[in-house]
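Notes for the one structure printed next.
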Amino acid sequence: MSTRRVVVTGLGALTPIGNTVTDFWNNLLNGVSGADRITRFDASLFKTQFACEVKNFNPTDFLDRKEARKMDAYTVYAMVATSEAMQDSGINLENINLDKAGVIWASGIGGLDTFLKECGDYAMGSGTPRFNPFFIPKMIADIAAGHISIKYGFRGPNYATVSACASSTHAMIDAFNYIKWGKADIFITGGSEASINAAGVGGFNAMHALSTRNDDPKTASRPFDNDREGFVLGEGAGALVLEEYEHAKARGAKIYAEVVGGAMTADAHHITAPHPEGLGAMNVMKFAIEDAGMALEDVDYVNVHGTSTPLGDVAEVKAIKGVFGEHAKNLNISSTKSMTGHLLGAAGAIEAIASILSVKHDVVPPTINHFTDDPNIDNSLNYTFNKAQKREVKSAISNTFGFGGHNACIMVKKA
């Protein structure tokens with residue numbers, strides 16, 4: 001079966017460390033932490049009182065006030081990041097076949113903020129069922145994809161992927177495959193999340209998943225460090241325009257990188273804990289590289305899932321060593337979650353953007369907040385601790401692993 005090449009022609013980002021791709025990338029390279037005290041609600045009674053919030057952001061700077069009120073924050077974030085990506089791509093909607101243009105957009109949770117507010121209002125009311133008519137359309141996890149397709153008139157495949165923290169990587173892989181197989185020419189893809197609220201923080205606290213380093217939030221996300229004790233909740237969105245290579249070339253598009261492979265696996269082990277030997281993670285990296293038709297030695301950088309959890313980081317390092325063998329020592333490994341926090345369903349998208357820009361600019365962003373080596377982790381590997389490193393990055397892979405044992409990995413290389 002002959003397949004087509006797929007390239008990245010547009011990027012958009014709204015993150016805790018920058019509300020544009022340029023600001024996001026510069027702050028990644030400078031090791032800036034997005035963690036701070038929570039401002040979304042009074043978290044003073046919660047075990048965790050900090051998060052990585054989007055900052056200096058007003059939806060009405062981008063959207064009509066009336067339209068913004070019809071959207072949950074996760075959809076607002078999606079619309080803003082997508083707008084940047086589409087503008088960056090230079091696509092003229094009058095010159096493309098809209099029937100061959102699609103949207104696959106991810107969210108791990110969807111409109112949690114809307115759900116919390118509507119149910120809270122009902123619980124505090126008189127018992128008379130009064131709900132906002134936009135309650136359901138604001139809440140559902142597929143509505144961001146719908147809004148994006150309506151705005152741009154994309155009439156091709158349109159749906160959402162939901163696989164916890166692997167959601168947006170699954171979305172990107174699906175978009176990649178549709179184009180590769182000739183089912184579409186262009187996709188807007190990525191993911192968004194807005195779960196920094198009482199339910200989000202309280203729920204993850206109940207699972208003992210979050211860091212509780214309230215006295216020092218900016219160093220709380222510390223992947224691979226001996227004293228890590230949980231992830232930091234983040235929010236935002238990442239958007240990518242994927243395009244068939246000849247289609248992009250014909251319109252003179254700038255090309256950031258080529259998407260060359262993707263894979264999906266399951267741990268089939270536990271609802272929240274990773275496979276202790278990293279079996280699912282090992283398979284997903286191996287299969288992504290095989291899908292790309294490349295050798296292990298072609299990979300220069302792994303943007304790891306790296307959440308800063310005691311079990312997860314150990315299992316991922318075992319998986320990397322199991323896949324790459326001796327070549328693991330030639331890799332740069334880094335967790336950008338040390339700066340952005342964990343954006344859940346949007347994590348894969350913003351981490352893919354980081355990987356794409358690493359390939360484009362030949363520099364690897366750091367894993368910040370490393371203070372003490374963990375004796376349970378192989379410290380002979382290069383985790384790019386605390387400072388960005390310049391090197392040739394011919395290709396990179398980005399890992400995302402979600403509750404439920406969902407694993408997804410996407411691979412990019414220089415165009």
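In the structure tokens, the first chain shown is A, the next is B, and so on; residue numbers restart at 1 for each chain, and ligands run from 1 in the order shown.
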
Distance query Gly262 (chain A) at most 10 Å, only C-alpha atoms, self and fewer than 6 positions along chain excluded, as a list in words: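 Here the qualifying residues turn out to be Thr169, His170, Met172, Ile173, Asp174, Phe176, Asn177, Val284, Met285, Lys286, Phe287, Ala288, Ile289, Glu290, Asp291, Ala292, Ile397, Ser398, Ala408, Cys409, Ile410, Met411 and Val412 of chain A.
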
Rows by chain and residue number, region 268-323 of chain A within 9 Å of region 339-357 of chain A, shortest pair, only C-alpha atoms, as a Markdown table:
```
| residue | atom | partner | partner_atom | distance |
| --- | --- | --- | --- | --- |
| A:Tyr301 | CA | A:Ser355 | CA | 7.9 |
| A:Val302 | CA | A:Ser355 | CA | 8.1 |
| A:Asn303 | CA | A:Ser355 | CA | 6.5 |
| A:Val304 | CA | A:Glu351 | CA | 8.6 |
| A:His305 | CA | A:Gly348 | CA | 8.5 |
| A:Thr307 | CA | A:His342 | CA | 6.8 |
```

Within 10 Å of Thr20 (chain A) using only C-alpha atoms, minus same-chain residues under 3 positions, as a PDB file with C-alpha atoms, in the first residue's frame:
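selection-v3.pdb, written as the output of this step:
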```
ATOM      1  CA  LEU A  11       1.512  25.565  15.306  1.00  0.00           C
ATOM      2  CA  GLY A  12      -0.481  27.198  18.099  1.00  0.00           C
ATOM      3  CA  ALA A  13       0.005  27.118  21.865  1.00  0.00           C
ATOM      4  CA  LEU A  14      -1.708  28.501  24.955  1.00  0.00           C
ATOM      5  CA  THR A  15       0.199  27.270  27.998  1.00  0.00           C
ATOM      6  CA  ILE A  17       4.479  29.408  30.388  1.00  0.00           C
ATOM      7  CA  ASP A  23       6.675  32.627  24.236  1.00  0.00           C
ATOM      8  CA  PHE A  24       6.115  28.960  25.100  1.00  0.00           C
ATOM      9  CA  TRP A  25       9.290  27.885  23.301  1.00  0.00           C
ATOM     10  CA  VAL A  80      -7.360  30.417  20.614  1.00  0.00           C
ATOM     11  CA  ALA A  81      -4.568  27.882  19.971  1.00  0.00           C
ATOM     12  CA  GLU A  84      -2.707  30.847  15.999  1.00  0.00           C
ATOM     13  CA  ALA A  85      -1.962  27.571  14.203  1.00  0.00           C
ATOM     14  CA  GLY A 238      -1.746  22.910  21.715  1.00  0.00           C
TER      15      GLY A 238
END
```

Using only C-alpha atoms: which of A:Gly190, A:Gly252, A:Gly31, A:Gly230 has the shortest distance to Gly90 (chain A):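 Comparing A:Gly190, A:Gly252, A:Gly31, A:Gly230 against Gly90 (chain A), the winner is A:Gly252.
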
All alpha helix (DSSP H) positions in region 179-316 of chain A, as number ranges by chain: A: 179-180, 198-206, 245-250, 279-292, 310-316

Output C-alpha atoms for every residue in the selection just made, as a CSV table (one decimal), in the first residue's frame.
```
chain,number,residue,atom,x,y,z
A,179,ILE,CA,-3.6,12.0,5.5
A,180,LYS,CA,-1.1,9.2,5.0
A,198,ALA,CA,-12.2,22.3,43.0
A,199,ALA,CA,-13.2,19.0,41.4
A,200,GLY,CA,-10.0,18.6,39.4
A,201,VAL,CA,-7.7,19.4,42.2
A,202,GLY,CA,-9.8,17.6,44.8
A,203,GLY,CA,-10.1,14.5,42.7
A,204,PHE,CA,-6.4,14.1,42.0
A,205,ASN,CA,-5.6,14.9,45.6
A,206,ALA,CA,-7.9,12.0,46.7
A,245,TYR,CA,3.5,17.1,1.7
A,246,GLU,CA,2.8,17.7,-1.9
A,247,HIS,CA,-0.3,19.8,-1.0
A,248,ALA,CA,1.8,21.9,1.3
A,249,LYS,CA,4.6,22.2,-1.2
A,250,ALA,CA,2.2,23.3,-4.0
A,279,LEU,CA,6.0,-3.0,28.9
A,280,GLY,CA,3.3,-0.9,27.2
A,281,ALA,CA,5.6,2.1,27.0
A,282,MET,CA,8.4,0.0,25.5
A,283,ASN,CA,6.1,-1.4,22.8
A,284,VAL,CA,4.7,1.9,21.9
A,285,MET,CA,8.1,3.5,21.3
A,286,LYS,CA,9.3,0.4,19.4
A,287,PHE,CA,6.2,0.3,17.2
A,288,ALA,CA,6.3,4.1,16.4
A,289,ILE,CA,9.9,3.8,15.2
A,290,GLU,CA,9.0,0.8,13.1
A,291,ASP,CA,6.0,2.7,11.7
A,292,ALA,CA,8.4,5.4,10.6
A,310,PRO,CA,7.4,7.9,41.9
A,311,LEU,CA,6.3,4.9,39.8
A,312,GLY,CA,5.9,6.5,36.4
A,313,ASP,CA,9.3,7.9,36.0
A,314,VAL,CA,11.0,4.6,36.9
A,315,ALA,CA,8.9,2.6,34.5
A,316,GLU,CA,9.5,5.0,31.6
```

Counting only C-alpha atoms, the option among A:Gly102, A:Ala319, A:Arg69, A:Lys151 closest to Asn132 (chain A):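 Residue with the minimum atom-to-atom distance to Asn132 (chain A): A:Arg69.
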
Spatial neighbours of region 214-229 of chain A, max dist 7 Å, only C-alpha atoms, sep filter under 6 positions, as number ranges by chain: A: 33, 35-36, 48-50, 306-310, 313, 335, 338, 341, 368-374

Residue among A:Leu240, A:Val260, A:Val364, A:Met139 lying closest to Ser89 (chain A), counting only C-alpha atoms: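 Of A:Leu240, A:Val260, A:Val364, A:Met139, the one nearest Ser89 (chain A) is A:Leu240, counting only C-alpha atoms.
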
Gap from CA of Lys138 (chain A) to CA of Ile91 (chain A) - Å, one decimal: 28.1 Å

From A:Ala415, A:Val7, A:Ala175, A:Val232, residue lying nearest Ile104 (chain A) [only C-alpha atoms]: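 Using only C-alpha atoms, the shortest distance to Ile104 (chain A) belongs to A:Ala175.
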
In region 114-199 of chain A, DSSP strand (DSSP E) residues written as number ranges by chain: A: 158-161, 186-193

Selected residues written out, N, CA and C atoms, as a PDB file, in the first residue's frame:
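Here's the written file part.pdb:
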```
ATOM      1  N   ASN A 158     -14.400  14.529  11.602  1.00  0.00           N
ATOM      2  CA  ASN A 158     -14.488  15.469  12.726  1.00  0.00           C
ATOM      3  C   ASN A 158     -14.917  14.704  13.968  1.00  0.00           C
ATOM      4  N   TYR A 159     -14.008  14.592  14.949  1.00  0.00           N
ATOM      5  CA  TYR A 159     -14.359  13.891  16.186  1.00  0.00           C
ATOM      6  C   TYR A 159     -13.332  14.185  17.265  1.00  0.00           C
ATOM      7  N   ALA A 160     -13.583  13.639  18.449  1.00  0.00           N
ATOM      8  CA  ALA A 160     -12.682  13.805  19.583  1.00  0.00           C
ATOM      9  C   ALA A 160     -12.072  12.470  19.974  1.00  0.00           C
ATOM     10  N   THR A 161     -10.866  12.517  20.493  1.00  0.00           N
ATOM     11  CA  THR A 161     -10.254  11.339  21.098  1.00  0.00           C
ATOM     12  C   THR A 161     -10.153  11.575  22.595  1.00  0.00           C
ATOM     13  N   ILE A 186      -5.648  17.887   4.815  1.00  0.00           N
ATOM     14  CA  ILE A 186      -5.301  18.798   5.911  1.00  0.00           C
ATOM     15  C   ILE A 186      -6.082  18.403   7.158  1.00  0.00           C
ATOM     16  N   PHE A 187      -5.421  18.514   8.302  1.00  0.00           N
ATOM     17  CA  PHE A 187      -6.110  18.358   9.578  1.00  0.00           C
ATOM     18  C   PHE A 187      -5.673  19.437  10.549  1.00  0.00           C
ATOM     19  N   ILE A 188      -6.642  19.951  11.296  1.00  0.00           N
ATOM     20  CA  ILE A 188      -6.343  20.653  12.540  1.00  0.00           C
ATOM     21  C   ILE A 188      -6.454  19.612  13.639  1.00  0.00           C
ATOM     22  N   THR A 189      -5.414  19.497  14.440  1.00  0.00           N
ATOM     23  CA  THR A 189      -5.424  18.495  15.502  1.00  0.00           C
ATOM     24  C   THR A 189      -4.694  19.028  16.723  1.00  0.00           C
ATOM     25  N   GLY A 190      -4.900  18.375  17.847  1.00  0.00           N
ATOM     26  CA  GLY A 190      -4.282  18.795  19.099  1.00  0.00           C
ATOM     27  C   GLY A 190      -5.201  18.495  20.249  1.00  0.00           C
ATOM     28  N   GLY A 191      -5.088  19.287  21.312  1.00  0.00           N
ATOM     29  CA  GLY A 191      -5.920  19.043  22.476  1.00  0.00           C
ATOM     30  C   GLY A 191      -5.938  20.215  23.420  1.00  0.00           C
ATOM     31  N   SER A 192      -6.932  20.233  24.289  1.00  0.00           N
ATOM     32  CA  SER A 192      -7.048  21.300  25.284  1.00  0.00           C
ATOM     33  C   SER A 192      -7.631  20.750  26.571  1.00  0.00           C
ATOM     34  N   GLU A 193      -7.330  21.407  27.675  1.00  0.00           N
ATOM     35  CA  GLU A 193      -7.815  20.976  28.982  1.00  0.00           C
ATOM     36  C   GLU A 193      -7.941  22.192  29.892  1.00  0.00           C
TER      37      GLU A 193
END
```

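Relative to CA of Phe135 (chain A), CA of Asp61 (chain A) is found at 23.4 Å.
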
Interatomic distance, CA of Trp181 (chain A) to CA of Asn97 (chain A) (Å, one decimal): 16.7 Å

Option closest in space to Val32 (chain A), from A:Pro16, A:Tyr178, A:Met124, A:Lys47 [counting only C-alpha atoms]: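 The answer is A:Pro16, which sits nearest to Val32 (chain A).
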
Nearest candidate to Thr367 (chain A) (options A:Ala237, A:Ala396, A:Ala141, A:Ile333; using only C-alpha atoms): A:Ile333

Polymer residues at most 12 Å from Ser380 (chain A), only C-alpha atoms, same-chain spacing of 3 or more positions, as a list in words: Val317, Lys321, Glu326, His327, Ala328, Lys329, Asn330, Leu331, Asn332, Ile333, Asp373, Asp374, Pro375, Asn376, Ile377, Tyr383 and Thr384 of chain A

With N, CA, C and O atoms retained, export the selected residues as a short mmCIF file (atom, residue, chain, number, x, y, z; two decimals), in the first residue's frame.
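Below is the file out.cif, written as the result:
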```cif
data_model
loop_
_atom_site.label_atom_id
_atom_site.label_comp_id
_atom_site.auth_asym_id
_atom_site.auth_seq_id
_atom_site.Cartn_x
_atom_site.Cartn_y
_atom_site.Cartn_z
N VAL A 317 11.84 5.07 32.29
CA VAL A 317 13.29 4.89 32.06
C VAL A 317 13.58 3.43 31.72
O VAL A 317 14.38 3.13 30.81
N LYS A 321 15.33 2.21 28.14
CA LYS A 321 16.49 1.33 28.10
C LYS A 321 16.16 0.01 27.39
O LYS A 321 16.98 -0.53 26.64
N GLU A 326 22.01 0.16 24.21
CA GLU A 326 23.18 1.02 24.38
C GLU A 326 22.97 2.41 23.79
O GLU A 326 23.56 3.39 24.25
N HIS A 327 22.11 2.51 22.77
CA HIS A 327 21.86 3.82 22.16
C HIS A 327 21.17 4.78 23.13
O HIS A 327 21.21 6.00 22.92
N ALA A 328 20.57 4.26 24.19
CA ALA A 328 19.90 5.12 25.18
C ALA A 328 20.86 6.17 25.73
O ALA A 328 20.45 7.30 26.05
N LYS A 329 22.14 5.82 25.81
CA LYS A 329 23.13 6.76 26.35
C LYS A 329 23.47 7.88 25.37
O LYS A 329 24.08 8.88 25.76
N ASN A 330 23.07 7.73 24.11
CA ASN A 330 23.31 8.78 23.12
C ASN A 330 22.12 9.73 22.98
O ASN A 330 22.21 10.75 22.29
N LEU A 331 21.02 9.39 23.65
CA LEU A 331 19.81 10.20 23.55
C LEU A 331 19.85 11.39 24.49
O LEU A 331 20.48 11.35 25.55
N ASN A 332 19.16 12.45 24.11
CA ASN A 332 18.73 13.44 25.08
C ASN A 332 17.30 13.09 25.48
O ASN A 332 16.46 12.78 24.63
N ILE A 333 17.05 13.10 26.78
CA ILE A 333 15.74 12.82 27.35
C ILE A 333 15.34 14.06 28.13
O ILE A 333 16.16 14.61 28.87
N ASP A 373 19.90 12.81 42.66
CA ASP A 373 19.72 11.61 41.84
C ASP A 373 18.89 10.56 42.59
O ASP A 373 19.03 10.40 43.81
N ASP A 374 18.07 9.86 41.83
CA ASP A 374 17.29 8.74 42.38
C ASP A 374 18.07 7.46 42.14
O ASP A 374 18.35 7.10 40.99
N PRO A 375 18.44 6.73 43.18
CA PRO A 375 19.21 5.49 42.98
C PRO A 375 18.43 4.41 42.23
O PRO A 375 19.03 3.44 41.74
N ASN A 376 17.12 4.57 42.11
CA ASN A 376 16.31 3.58 41.38
C ASN A 376 16.20 3.88 39.89
O ASN A 376 15.54 3.15 39.16
N ILE A 377 16.85 4.96 39.47
CA ILE A 377 16.83 5.36 38.06
C ILE A 377 18.26 5.36 37.53
O ILE A 377 19.18 5.79 38.22
N TYR A 383 19.36 13.22 30.97
CA TYR A 383 18.01 13.73 31.18
C TYR A 383 17.90 15.23 30.92
O TYR A 383 16.87 15.83 31.21
N THR A 384 18.95 15.83 30.39
CA THR A 384 18.98 17.27 30.06
C THR A 384 18.59 18.09 31.30
O THR A 384 17.74 18.99 31.24
#
```
